[in-house]
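All remarks here apply to the structure that follows.
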Amino acid sequence: MDYIAQGLIRSIELLLAGDPETYSAIFTTLRISTLSIIISLAIGIPLGFLLGYFEFPGKRQVRAFVDTLLALPTVVVGLFVYAFISRRGPLGELGLLFTIPGIAVAQTILITPIVISLTATAIESLDRRLQATLVTLGARGRQILITSLMEARYAVLVAAVTAYGRAISEVGISMMIGGNIKWHTRTITTAIALETGKGDFAVGMALGIVLLTLALAVNSSLTLLKKRS
Amino acid sequence: MSSLYQITNLKYRYGQHFELDVPELTIEEGTSVGFAGSNGSGKSTLLRLLAFIELPEKGTIRFDGAEVSQNNGGPKRDVTMLLQEPYLLKRSIFENVAFGLKIRNDRKDIKERVYAAMELVGMSSREFARRRWHELSGGEAQRIALASRLVLRPKVLILDEPTASVDQQSALLIKEAIVECRRQFGMSLIIASHDRVWLNSATDTIKRMHEGRIVGTGAENILSGPWNNQENGLYGKDLPNGQTLFVTKPPHTTAAGVVNPSDIVLSLLEPEGISTRNILRGIVTNMTMEGDSGDVLIEVDTGGLSLLSRLTPSAAESLQLIPGKKVWTLFKASAVDWY
């Protein structure tokens, strides 16, 4: 059992000493997840609004499809994206494999359904009187979209935070698309997997502590937002 | 005065079984028109069509001479509607009232205009402007919702049951605000309300609706069925308090009949030995002056049925009527006209 306690002490030393390898993995994780959340919000919020606001034929089927994508296994996303961006794949020329943008693209595919689905739910659960109120006050097209999202702002933020939580904690995509390259595409989760495999618990634990702290921060803000909404 | 709305052969399906059917309706500019009728009579649906929230399935609505179509969606910014249950945006009261002006990019003197609209509905801008949307009572929220529409100075203000969920004080302030705006800006008013006395005091004319149709004008009493066969060729309907309402033979058992308030006589004592079949005891619930005629409309609750009686001021004075007073309402079974 000693090695666990020693690992814990060593991990705190690494964090306090500003170990460059550990911090490289932390910053890589933050860069990738920030990039993927920005793209997925830009795509997911308008689509989620359309799905939640309008009635159209086949809406239920679209909704069921998006909800199914919520349970996408990360390795399956990794597999498909790998197939597309590997040198033999149709998008091979873009050179995305083993790069941060490559991981971000795959993570975007993973988390955009979360943003779409939760935004649609947020819009659907808005008060029925809102639409009539906006129309009677003279709001049109984009004004209705923006004001409706503003009315559902806490619930839309919950969607964003949930998606962010999924992005920072996934390992399959980062491993398959990023290749776990030291100083380059190694993220917190892939580093933990590698270091644990090597038997170096200290680095794994240090990174685990950071990941847990991030997860705690994400979850606390989720709880706070849910209370406000 | 020119025609603001011209409706021809309007049909619109609402609910599961009803169809709004308005063969012809004209509303003149600057007038105040009331719509009365029971739940499901089609008032709200007609109002939503007049506010262009819904568009007609059949027939035409012309506004200011131009036809409203699916393509143009109607001149939504000339017309605004106050909903029965107010919805305030999740922002400050000031921002709620200013919303319509801001989306029109009409920001000149916005603060002064918002404050003036708030004062108009009896809400102190100093006290309420900074409050959050959830820090108001039902009546206050309805008045702020009204202020956010009045600040736009619309050509037409449509109000759907504006007093349904508000206190008496708010109902009075709402009436004063819309009457004042009409006087100042020549705004047209279209109002649906169950509160016949309030409606009467805020409008020039009242149109009665029943099952999707306009069945009359003025302050008629609508008697709806079902009617069951009684003795001597009369039909009747039992009221919740055990009294029976008698009418002459209806065209069908669920037909709606109309009784002119002038045909309803009030008595302080229970009459005996008279031929009138309908002698219903009740309590005076409301009294109001009727438009320009100077007559007094007395509303009497006869136990589940509210009846309006029209009296001359001297008759009302001689009976010393006040709300809460017990009276007998009298009218002949044959005073009912059928639609």
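Every chain in the structure tokens has a letter given in the order shown (A, B, ...), and although residue numbers restart at 1 in each chain, ligands are simply numbered from 1 in the order shown.
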Residue set, region 152-185 of chain A restricted to alpha helix (DSSP H), as a ChimeraX atom specification: /A:153-169,172-173
Residue list for chain B near chain A as a VMD selection string, 10 Å, only C-alpha atoms: chain B and resid 48 51 to 54 75 to 91 97 99 to 104 145 148 to 149 152 154 157 to 158
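Across B:Phe35, B:Trp133, B:Tyr14, B:Tyr5, the tightest approach to Glu95 (chain B) is made by B:Trp133 when counting only C-alpha atoms.
Nearest to Thr223 (chain A) of all the residues A:Val203, A:Val158, A:Val77, A:Met176 is A:Val158, based on only C-alpha atoms.
The protein and nucleic acid residues lying at most 10 Å from Asn228 (chain B) are B:Leu234, B:Tyr235, B:Gly236, B:Lys237, B:Asp238, B:Phe246, B:Val247, B:Lys249, B:Pro250, B:Thr253, B:Thr254, with only C-alpha atoms considered and sequence neighbours fewer than 4 positions away removed.
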Write a file of the selected residues as a compact mmCIF listing (two decimals), in the first residue's frame, keeping C-alpha atoms.
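Ended up saving to part09.txt:
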```txt
# COMPACT_ATOMS: atom_id res chain seq x y z
CA LEU B 234 -91.65 25.21 -22.53
CA TYR B 235 -88.05 24.09 -22.24
CA GLY B 236 -85.85 24.53 -19.23
CA LYS B 237 -82.44 24.31 -17.70
CA ASP B 238 -81.70 23.69 -14.03
CA PHE B 246 -87.54 28.62 -18.74
CA VAL B 247 -87.41 29.35 -22.46
CA LYS B 249 -88.93 26.01 -27.81
CA PRO B 250 -85.28 26.23 -28.94
CA THR B 253 -81.51 21.29 -27.44
CA THR B 254 -78.04 22.87 -27.30
```
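In terms of minimum interatomic distance to Thr285 (chain B), B:Val197 ranks closest within B:Cys181, B:Glu270, B:Ser334, B:Val197, counting only C-alpha atoms.
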Who sits within 8 Å of region 111-117 of chain B, only C-alpha atoms, same chain under 6 positions skipped, as an MDAnalysis selection string: chainID B and resid 94 97:98 125 129 147:148 150:151
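Computed from the coordinates, the CA of Leu216 (chain A) to CA of Ile188 (chain A) distance equals 15.3 Å.
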Distance query region 8-22 of chain A at most 7 Å, only C-alpha atoms, self and fewer than 6 positions along chain excluded, as an NGL selection string: :A and (183 or 202-203 or 205-207)
Per residue of region 94-123 of chain A within 8 Å of region 44-55 of chain A, what are the shortest atom pair and its distance in Å to one decimal, counting only C-alpha atoms, with rows by chain and residue number, as a tab-separated table?
```
residue	atom	partner	partner_atom	distance
A:Thr112	CA	A:Gly44	CA	5.5
A:Pro113	CA	A:Gly44	CA	7.1
A:Val115	CA	A:Gly44	CA	5.2
A:Ile116	CA	A:Gly48	CA	4.1
A:Ser117	CA	A:Gly48	CA	6.2
A:Leu118	CA	A:Gly48	CA	7.4
A:Thr119	CA	A:Gly48	CA	4.9
A:Ala120	CA	A:Gly52	CA	4.0
A:Thr121	CA	A:Gly52	CA	6.3
A:Ala122	CA	A:Gly52	CA	7.7
A:Ile123	CA	A:Gly52	CA	5.3
```
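Among the candidate residues A:Ala5, A:Ala155, A:Ile32, A:Val171, the one lying nearest to Thr99 (chain A) is A:Ile32, with distances computed using only C-alpha atoms.
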Shell of 9 Å around Glu290 (chain B), only C-alpha atoms, local chain residues under 3 positions omitted, as a list of chain:residue names: B:Val197, B:Asn200, B:Ser201, B:Ser293, B:Gly294, B:Asp295, B:Val296, B:Leu297, B:Arg310
Strand (DSSP E or B) call set, DSSP backbone run, region 115-318 of chain B, as a count of residues only: 67
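Reported to one decimal place, the separation of CA of Gly179 (chain A) from CA of Leu30 (chain A) is 17.0 Å.
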Long-range neighbours of region 64-76 of chain A as a PyMOL selection string, 6 Å cut-off, only C-alpha atoms, 4 positions minimum in chain: chain A and resi 113-114+172-173
Generate the output file for the selected residues, N, CA, C and O atoms, as an mmCIF file, in the first residue's frame.
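Everything below was put into selection36.cif:
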```cif
data_model
loop_
_atom_site.group_PDB
_atom_site.id
_atom_site.type_symbol
_atom_site.label_atom_id
_atom_site.label_comp_id
_atom_site.auth_asym_id
_atom_site.auth_seq_id
_atom_site.Cartn_x
_atom_site.Cartn_y
_atom_site.Cartn_z
ATOM 1 N N PRO A 113 -23.704 16.565 -30.218
ATOM 2 C CA PRO A 113 -25.057 16.054 -29.914
ATOM 3 C C PRO A 113 -25.532 16.428 -28.505
ATOM 4 O O PRO A 113 -26.714 16.653 -28.286
ATOM 5 N N ILE A 114 -24.581 16.522 -27.551
ATOM 6 C CA ILE A 114 -24.967 16.903 -26.175
ATOM 7 C C ILE A 114 -25.501 18.331 -26.201
ATOM 8 O O ILE A 114 -26.550 18.635 -25.620
ATOM 9 N N GLY A 172 -10.529 7.881 -25.242
ATOM 10 C CA GLY A 172 -10.447 7.098 -26.480
ATOM 11 C C GLY A 172 -10.012 7.929 -27.680
ATOM 12 O O GLY A 172 -9.088 7.544 -28.419
ATOM 13 N N ILE A 173 -10.656 9.076 -27.876
ATOM 14 C CA ILE A 173 -10.356 9.916 -29.034
ATOM 15 C C ILE A 173 -8.939 10.465 -28.947
ATOM 16 O O ILE A 173 -8.163 10.394 -29.901
#
```
